[in-house]
file my_file_13.cif (mmCIF, C-alpha atoms)
data_structure
loop_
_atom_site.label_atom_id
_atom_site.label_comp_id
_atom_site.auth_asym_id
_atom_site.auth_seq_id
_atom_site.Cartn_x
_atom_site.Cartn_y
_atom_site.Cartn_z
CA MET T 1 56.09 14.79 3.23
CA THR T 2 55.77 11.62 1.19
CA VAL T 3 52.45 9.78 0.97
CA THR T 4 52.57 6.09 0.06
CA TYR T 5 49.62 3.96 -1.07
CA ASP T 6 49.43 0.19 -0.81
CA TYR T 7 46.46 -1.47 -2.52
CA THR T 8 47.76 -5.01 -2.19
CA GLY T 9 44.89 -7.51 -2.11
CA ARG T 10 42.32 -5.06 -3.42
CA THR T 11 40.50 -5.21 -6.74
CA VAL T 12 40.03 -2.04 -8.78
CA LEU T 13 37.81 -1.64 -11.85
CA VAL T 14 38.59 1.22 -14.25
CA THR T 15 36.08 1.80 -17.03
CA GLY T 16 37.48 3.14 -20.29
CA GLY T 17 40.89 2.16 -18.95
CA THR T 18 42.76 1.31 -22.15
CA LYS T 19 44.07 4.76 -23.08
CA GLY T 20 44.53 8.30 -21.88
CA ILE T 21 43.51 9.16 -18.34
CA GLY T 22 41.95 5.74 -17.75
CA ALA T 23 45.14 3.90 -18.65
CA GLY T 24 47.16 6.20 -16.40
CA VAL T 25 44.79 5.59 -13.49
CA ALA T 26 44.85 1.81 -14.06
CA ALA T 27 48.66 1.77 -14.17
CA ALA T 28 48.87 3.74 -10.93
CA PHE T 29 46.62 1.30 -9.03
CA ALA T 30 48.52 -1.67 -10.47
CA ALA T 31 51.82 -0.13 -9.34
CA ALA T 32 50.32 0.23 -5.86
CA GLY T 33 49.69 -3.53 -5.75
CA ALA T 34 46.02 -3.70 -6.76
CA HIS T 35 44.41 -6.35 -8.93
CA VAL T 36 43.26 -4.10 -11.78
CA VAL T 37 40.54 -4.81 -14.32
CA VAL T 38 39.90 -2.39 -17.17
CA CYS T 39 37.08 -2.43 -19.69
CA ALA T 40 36.34 -0.74 -22.98
CA ARG T 41 34.19 -1.31 -26.04
CA THR T 42 37.23 -2.27 -28.13
CA SER T 43 40.46 -4.07 -27.33
CA PRO T 44 43.61 -2.01 -26.71
CA PRO T 45 45.81 -1.46 -29.78
CA GLY T 46 48.51 -4.03 -30.36
CA PRO T 47 48.62 -7.62 -29.05
CA PRO T 48 46.27 -8.47 -26.16
CA PRO T 49 47.85 -7.78 -22.78
CA PRO T 50 48.94 -10.99 -20.97
CA GLY T 51 46.07 -12.32 -18.88
CA SER T 52 43.39 -10.43 -20.80
CA ALA T 53 39.92 -11.84 -20.50
CA PRO T 54 37.82 -12.68 -23.56
CA PRO T 55 34.50 -10.88 -24.07
CA GLY T 56 32.60 -13.50 -22.07
CA SER T 57 34.80 -13.28 -18.98
CA ALA T 58 35.41 -10.70 -16.28
CA GLN T 59 37.62 -12.40 -13.73
CA ALA T 60 40.15 -10.24 -11.92
CA GLY T 61 43.82 -10.51 -12.82
CA SER T 62 46.84 -10.52 -10.55
CA ALA T 63 49.37 -7.78 -9.96
CA GLN T 64 52.71 -7.48 -8.27
CA ALA T 65 52.31 -6.37 -4.66
CA GLY T 66 53.84 -2.98 -3.98
CA SER T 67 53.30 0.65 -3.18
CA VAL T 68 53.41 3.95 -5.03
CA GLN T 69 54.18 7.42 -3.78
CA ALA T 70 51.81 10.31 -4.38
CA GLY T 71 53.10 12.64 -7.04
CA SER T 72 55.22 9.96 -8.68
CA VAL T 73 52.55 7.66 -10.04
CA PRO T 74 53.00 6.19 -13.52
CA GLY T 75 50.86 7.32 -16.39
CA GLY T 76 52.32 10.78 -16.89
CA SER T 77 52.92 10.27 -20.58
CA ALA T 78 50.26 11.04 -23.15
CA SER T 79 49.68 7.37 -23.87
CA PRO T 80 50.89 5.18 -21.00
CA GLY T 81 49.30 1.98 -22.37
CA LEU T 82 48.40 -1.07 -20.31
CA ALA T 83 50.76 -2.76 -17.89
CA SER T 84 51.24 -6.47 -18.42
CA ASP T 85 49.49 -7.31 -15.13
CA ILE T 86 46.27 -5.43 -15.91
CA ARG T 87 43.35 -7.54 -17.09
CA PHE T 88 41.19 -6.30 -19.96
CA VAL T 89 37.50 -7.16 -20.38
CA GLN T 90 35.59 -6.07 -23.46
CA ALA T 91 32.35 -4.40 -22.40
CA ASP T 92 30.13 -1.47 -23.35
CA VAL T 93 29.22 0.25 -20.09
CA ARG T 94 26.11 1.76 -21.73
CA ASP T 95 24.68 -1.76 -22.02
CA PRO T 96 23.10 -3.06 -18.78
CA GLU T 97 23.76 -6.67 -19.79
CA ASP T 98 27.43 -5.95 -20.45
CA VAL T 99 27.74 -4.17 -17.11
CA GLU T 100 26.08 -7.08 -15.29
CA ARG T 101 28.45 -9.56 -16.96
CA LEU T 102 31.46 -7.41 -16.18
CA VAL T 103 30.74 -7.11 -12.46
CA ARG T 104 29.39 -10.66 -12.09
CA GLY T 105 32.82 -11.99 -13.04
CA LEU T 106 34.48 -10.33 -10.04
CA ASP T 107 34.75 -12.17 -6.74
CA ARG T 108 35.73 -8.99 -4.92
CA LEU T 109 35.58 -5.30 -5.72
CA ASP T 110 37.10 -2.52 -3.62
CA VAL T 111 37.25 0.46 -5.98
CA VAL T 112 35.42 1.57 -9.12
CA VAL T 113 36.84 4.42 -11.19
CA ASN T 114 34.07 5.51 -13.56
CA ASN T 115 36.29 6.99 -16.26
CA ALA T 116 34.62 6.01 -19.55
CA GLY T 117 33.29 9.10 -21.31
CA GLY T 118 33.91 11.74 -23.91
CA SER T 119 32.23 13.50 -26.80
CA PRO T 120 33.02 14.71 -30.31
CA TYR T 121 32.59 18.38 -31.13
CA ALA T 122 28.86 18.51 -31.81
CA PRO T 123 27.00 21.86 -31.98
CA LEU T 124 23.51 21.21 -30.74
CA ALA T 125 21.59 22.63 -33.70
CA ASP T 126 23.69 20.91 -36.36
CA THR T 127 23.80 17.30 -35.13
CA SER T 128 21.29 14.53 -34.60
CA PRO T 129 19.31 14.14 -31.37
CA ARG T 130 20.47 10.52 -31.23
CA LEU T 131 24.12 11.60 -31.04
CA HIS T 132 23.40 13.79 -28.03
CA ALA T 133 21.40 11.02 -26.39
CA ARG T 134 24.36 8.65 -26.79
CA VAL T 135 26.70 11.25 -25.27
CA VAL T 136 24.44 11.50 -22.23
CA GLU T 137 24.22 7.71 -22.03
CA LEU T 138 27.99 7.34 -21.97
CA ASN T 139 28.81 10.18 -19.60
CA LEU T 140 25.91 9.97 -17.12
CA LEU T 141 23.78 6.84 -17.46
CA ALA T 142 26.73 4.44 -17.88
CA PRO T 143 28.42 5.50 -14.61
CA LEU T 144 25.04 5.13 -12.91
CA LEU T 145 24.68 1.59 -14.28
CA VAL T 146 28.20 0.60 -13.22
CA ALA T 147 27.80 2.09 -9.74
CA ARG T 148 24.46 0.37 -9.20
CA GLN T 149 25.80 -3.01 -10.30
CA ALA T 150 28.98 -2.67 -8.26
CA TYR T 151 27.29 -1.48 -5.07
CA PRO T 152 26.70 -4.89 -3.42
CA LEU T 153 30.36 -5.90 -3.80
CA LEU T 154 31.61 -2.51 -2.68
CA ARG T 155 29.31 -2.54 0.34
CA GLU T 156 30.80 -5.86 1.51
CA VAL T 157 34.28 -4.36 1.84
CA GLY T 158 33.55 -0.70 2.57
CA GLY T 159 34.70 0.28 -0.91
CA ALA T 160 34.80 3.48 -2.91
CA ILE T 161 33.67 4.92 -6.22
CA VAL T 162 35.59 7.68 -7.98
CA MET T 163 33.77 9.48 -10.78
CA ILE T 164 35.91 11.18 -13.42
CA GLY T 165 34.13 14.46 -13.98
CA SER T 166 35.01 17.45 -16.12
CA ALA T 167 35.36 21.20 -15.90
CA SER T 168 32.89 21.19 -18.82
CA GLY T 169 30.26 20.31 -16.23
CA THR T 170 31.05 23.41 -14.17
CA ARG T 171 31.13 26.13 -16.85
CA PRO T 172 29.64 26.69 -20.33
CA SER T 173 30.68 24.01 -22.80
CA PRO T 174 29.82 25.37 -26.28
CA GLY T 175 30.05 22.72 -28.98
CA THR T 176 29.75 19.93 -26.42
CA SER T 177 26.59 21.00 -24.61
CA ALA T 178 25.27 17.48 -24.05
CA TYR T 179 28.65 16.42 -22.67
CA GLY T 180 28.81 19.37 -20.29
CA ALA T 181 25.25 18.76 -19.12
CA ALA T 182 25.96 15.06 -18.60
CA LYS T 183 29.10 15.80 -16.56
CA ALA T 184 27.20 18.30 -14.44
CA GLY T 185 24.68 15.53 -13.83
CA LEU T 186 27.49 13.11 -12.99
CA HIS T 187 28.85 15.47 -10.34
CA HIS T 188 25.39 15.68 -8.78
CA LEU T 189 24.87 11.92 -9.05
CA ALA T 190 28.07 11.35 -7.08
CA ARG T 191 26.90 13.65 -4.29
CA CYS T 192 23.54 11.87 -4.17
CA LEU T 193 25.09 8.39 -4.03
CA ALA T 194 27.56 9.54 -1.38
CA ALA T 195 24.62 10.45 0.86
CA GLU T 196 22.48 7.45 -0.13
CA TRP T 197 25.18 4.80 0.33
CA ALA T 198 27.01 6.20 3.36
CA PRO T 199 28.69 5.00 5.43
CA GLU T 200 29.33 1.68 3.64
CA VAL T 201 30.43 3.09 0.26
CA ARG T 202 32.18 6.41 -0.34
CA VAL T 203 31.59 8.27 -3.61
CA ASN T 204 33.74 11.19 -4.79
CA THR T 205 34.51 13.02 -8.03
CA VAL T 206 37.71 14.15 -9.71
CA VAL T 207 36.83 17.19 -11.84
CA VAL T 208 39.42 17.27 -14.62
CA GLY T 209 40.29 20.42 -16.54
CA LEU T 210 42.29 20.66 -19.76
CA ALA T 211 44.19 17.37 -20.04
CA SER T 212 47.18 16.23 -22.06
CA THR T 213 46.36 12.85 -23.61
CA GLU T 214 46.80 11.28 -27.03
CA ASN T 215 43.61 13.09 -28.13
CA ALA T 216 44.66 16.53 -26.89
CA ALA T 217 45.56 17.88 -30.34
CA SER T 218 42.14 17.03 -31.78
CA HIS T 219 40.45 18.80 -28.86
CA TYR T 220 42.65 21.84 -28.34
CA GLY T 221 44.68 22.22 -31.55
CA LEU T 222 48.33 21.56 -32.32
CA ASP T 223 49.80 24.50 -30.37
CA GLN T 224 50.05 22.88 -26.93
CA ALA T 225 52.18 25.73 -25.57
CA ALA T 226 49.35 28.17 -26.30
CA VAL T 227 46.88 25.90 -24.51
CA ASP T 228 49.26 25.43 -21.56
CA ALA T 229 49.45 29.20 -21.24
CA THR T 230 45.71 29.37 -20.50
CA VAL T 231 46.20 27.29 -17.33
CA PRO T 232 47.44 29.14 -14.22
CA ALA T 233 49.72 26.20 -13.34
CA GLY T 234 51.40 26.58 -16.74
CA ARG T 235 50.46 23.21 -18.21
CA MET T 236 47.55 20.87 -18.81
CA ALA T 237 46.83 18.02 -16.43
CA THR T 238 48.43 14.64 -17.14
CA PRO T 239 47.02 11.17 -16.46
CA ALA T 240 49.45 11.03 -13.51
CA ASP T 241 47.86 14.11 -11.95
CA VAL T 242 44.41 12.54 -12.16
CA ALA T 243 45.71 9.18 -10.93
CA ALA T 244 47.22 10.78 -7.82
CA ALA T 245 43.81 12.20 -6.88
CA CYS T 246 42.13 8.84 -7.52
CA LEU T 247 44.61 6.99 -5.30
CA TRP T 248 43.87 9.36 -2.44
CA LEU T 249 40.09 9.37 -2.82
CA ALA T 250 39.89 5.57 -3.12
CA ALA T 251 41.95 4.94 0.02
CA PRO T 252 39.97 4.26 3.22
CA GLY T 253 39.03 7.51 4.90
CA TYR T 254 36.34 9.97 5.87
CA VAL T 255 35.96 11.99 2.66
CA THR T 256 32.81 11.33 0.64
CA GLY T 257 30.58 13.48 -1.56
CA ALA T 258 33.57 15.67 -2.42
CA GLU T 259 34.82 17.11 -5.69
CA VAL T 260 38.57 17.41 -6.19
CA HIS T 261 39.36 19.82 -9.01
CA VAL T 262 42.43 18.75 -10.99
CA HIS T 263 42.68 21.69 -13.35
CA GLY T 264 45.83 23.55 -12.41
CA GLY T 265 43.89 26.54 -11.14
CA GLY T 266 41.28 26.53 -13.88
CA GLU T 267 41.45 28.50 -17.10
CA VAL T 268 42.64 32.10 -17.31
CA PRO T 269 39.52 34.15 -18.20
CA ALA T 270 39.52 36.47 -21.21
CA TRP T 271 38.80 39.52 -19.06
CA SER T 272 42.18 39.02 -17.35
CA ARG T 273 44.01 40.02 -20.52
CA LEU T 274 41.43 42.62 -21.47
CA ALA T 275 42.15 44.26 -18.11
CA GLY T 276 45.81 44.59 -19.06
CA HIS T 277 47.34 41.62 -17.27
CA PRO T 278 50.26 40.14 -19.27
CA PRO T 279 49.93 36.63 -20.75
CA GLN T 280 51.36 33.88 -18.59
CA ASP T 281 54.43 31.97 -19.67
CA PRO T 282 53.78 28.23 -20.15
#

call {"tool": "encode", "arguments": {"input": "my_file_13.cif", "output": "structure tokens"}}
result
Amino acid sequence: MTVTYDYTGRTVLVTGGTKGIGAGVAAAFAAAGAHVVVCARTSPPGPPPPGSAPPGSAQAGSAQAGSVQAGSVPGGSASPGLASDIRFVQADVRDPEDVERLVRGLDRLDVVVNNAGGSPYAPLADTSPRLHARVVELNLLAPLLVARQAYPLLREVGGAIVMIGSASGTRPSPGTSAYGAAKAGLHHLARCLAAEWAPEVRVNTVVVGLASTENAASHYGLDQAAVDATVPAGRMATPADVAAACLWLAAPGYVTGAEVHVHGGGEVPAWSRLAGHPPQDP
């Protein structure tokens, strides 16, 4: 069965949408006909995309009307980049004034994908408290700020919020404890908002496992085949895999307060091999 999405006439905001998973998600919504706005603290590499907004502006751009089939969305490469019809707005989503300016510039808003996030490797005892506070700000407080600011516009159209969560928020995350704790909080925040804002606005979470992006080597090492072998599905998730889940969750429907795990079955536990099970082929 083929599922087709058509977001023609709808406006989608993707935070942290200039690279990696965010860029893949933005490209997928644009291919489905949406007017897509992405934001980040810094401009995308290379020349500004056509139609990009300067730091003081946040108006929505235009996109070619169309549809995209589930499972064949763009953004499967490690660095899909920005499509020419996606509008960029420079904004730091940790800053309430930046968030207010960003959303104030939109006449309509149907979908928010709270994707901005991340963390360096930072053992708790060896790094500054301020670093961990900033990690929590980016991964938990920033999505809260964006959701709160976007709520009135989303309520007008019966819109949706998709939080980009992480498997680090569902299991121990040594070396990125603040990040894991923040993502666990984000998952809970989404469930709370889903109940608080129903039925006007739906809020769901995509819980991403090991992911293949341009930063994968710095996170998991250079031997991608070895990392792929730890995933039951035989490979890490791509931006296209995450985008497919976002397209479904953002479409009008009944589902809210849900968590969709995009992790290829999770991570093969160490005890599996200790018990004598053979390693999986990637």

call {"tool": "resolve_selection", "arguments": {"input": "my_file_13.cif", "expression": "the PyMOL selection byres ((chain T and resi 138) around 8)", "output": "PyMOL selection string"}}
result
chain T and resi 93-94+116-118+134-137+139-143

call {"tool": "axis_aligned_box", "arguments": {"input": "my_file_13.cif", "around": "range 222-231 of chain T", "padding_each_side": "5 Å", "output": "lines of an AutoDock Vina configuration file"}}
result
center_x = 48.9
center_y = 25.5
center_z = -24.8
size_x = 16.5
size_y = 17.8
size_z = 25.0

call {"tool": "atom_distance", "arguments": {"input": "my_file_13.cif", "atom1": "CA of Tyr121 in chain T", "atom2": "CA of Pro172 in chain T"}}
result
13.9 Å

call {"tool": "resolve_selection", "arguments": {"input": "my_file_13.cif", "expression": "the PyMOL selection byres ((chain T and resi 157) around 12)", "output": "MDAnalysis selection string"}}
result
chainID T and resid 9:11 107:111 150:156 158:160 199:202 252

call {"tool": "closest_residue", "arguments": {"input": "my_file_13.cif", "among": "T:Leu210, T:Phe29, T:Ile161, T:Gln90", "to": "Thr8 in chain T", "atoms": "all atoms listed in the file"}}
result
T:Phe29

call {"tool": "atom_distance", "arguments": {"input": "my_file_13.cif", "atom1": "CA of Val208 in chain T", "atom2": "CA of His187 in chain T"}}
result
11.5 Å

call {"tool": "atom_distance", "arguments": {"input": "my_file_13.cif", "atom1": "CA of Gln149 in chain T", "atom2": "CA of Ala182 in chain T"}}
result
19.9 Å

call {"tool": "resolve_selection", "arguments": {"input": "my_file_13.cif", "expression": "the PyMOL selection byres ((chain T and resi 230) around 10)", "output": "number ranges by chain"}}
result
T: 210, 225-229, 231-236, 264-270, 279-282

call {"tool": "closest_residue", "arguments": {"input": "my_file_13.cif", "among": "T:Val14, T:Ala184, T:Thr42, T:Gly257", "to": "Glu196 in chain T", "atoms": "all atoms listed in the file"}}
result
T:Gly257

call {"tool": "residues_around", "arguments": {"input": "my_file_13.cif", "residues": "Ala195 in chain T", "least_positions_apart": "6", "cutoff": "12 Å", "atoms": "all atoms listed in the file", "output": "PyMOL selection string"}}
result
chain T and resi 188-189+201-204+255-258
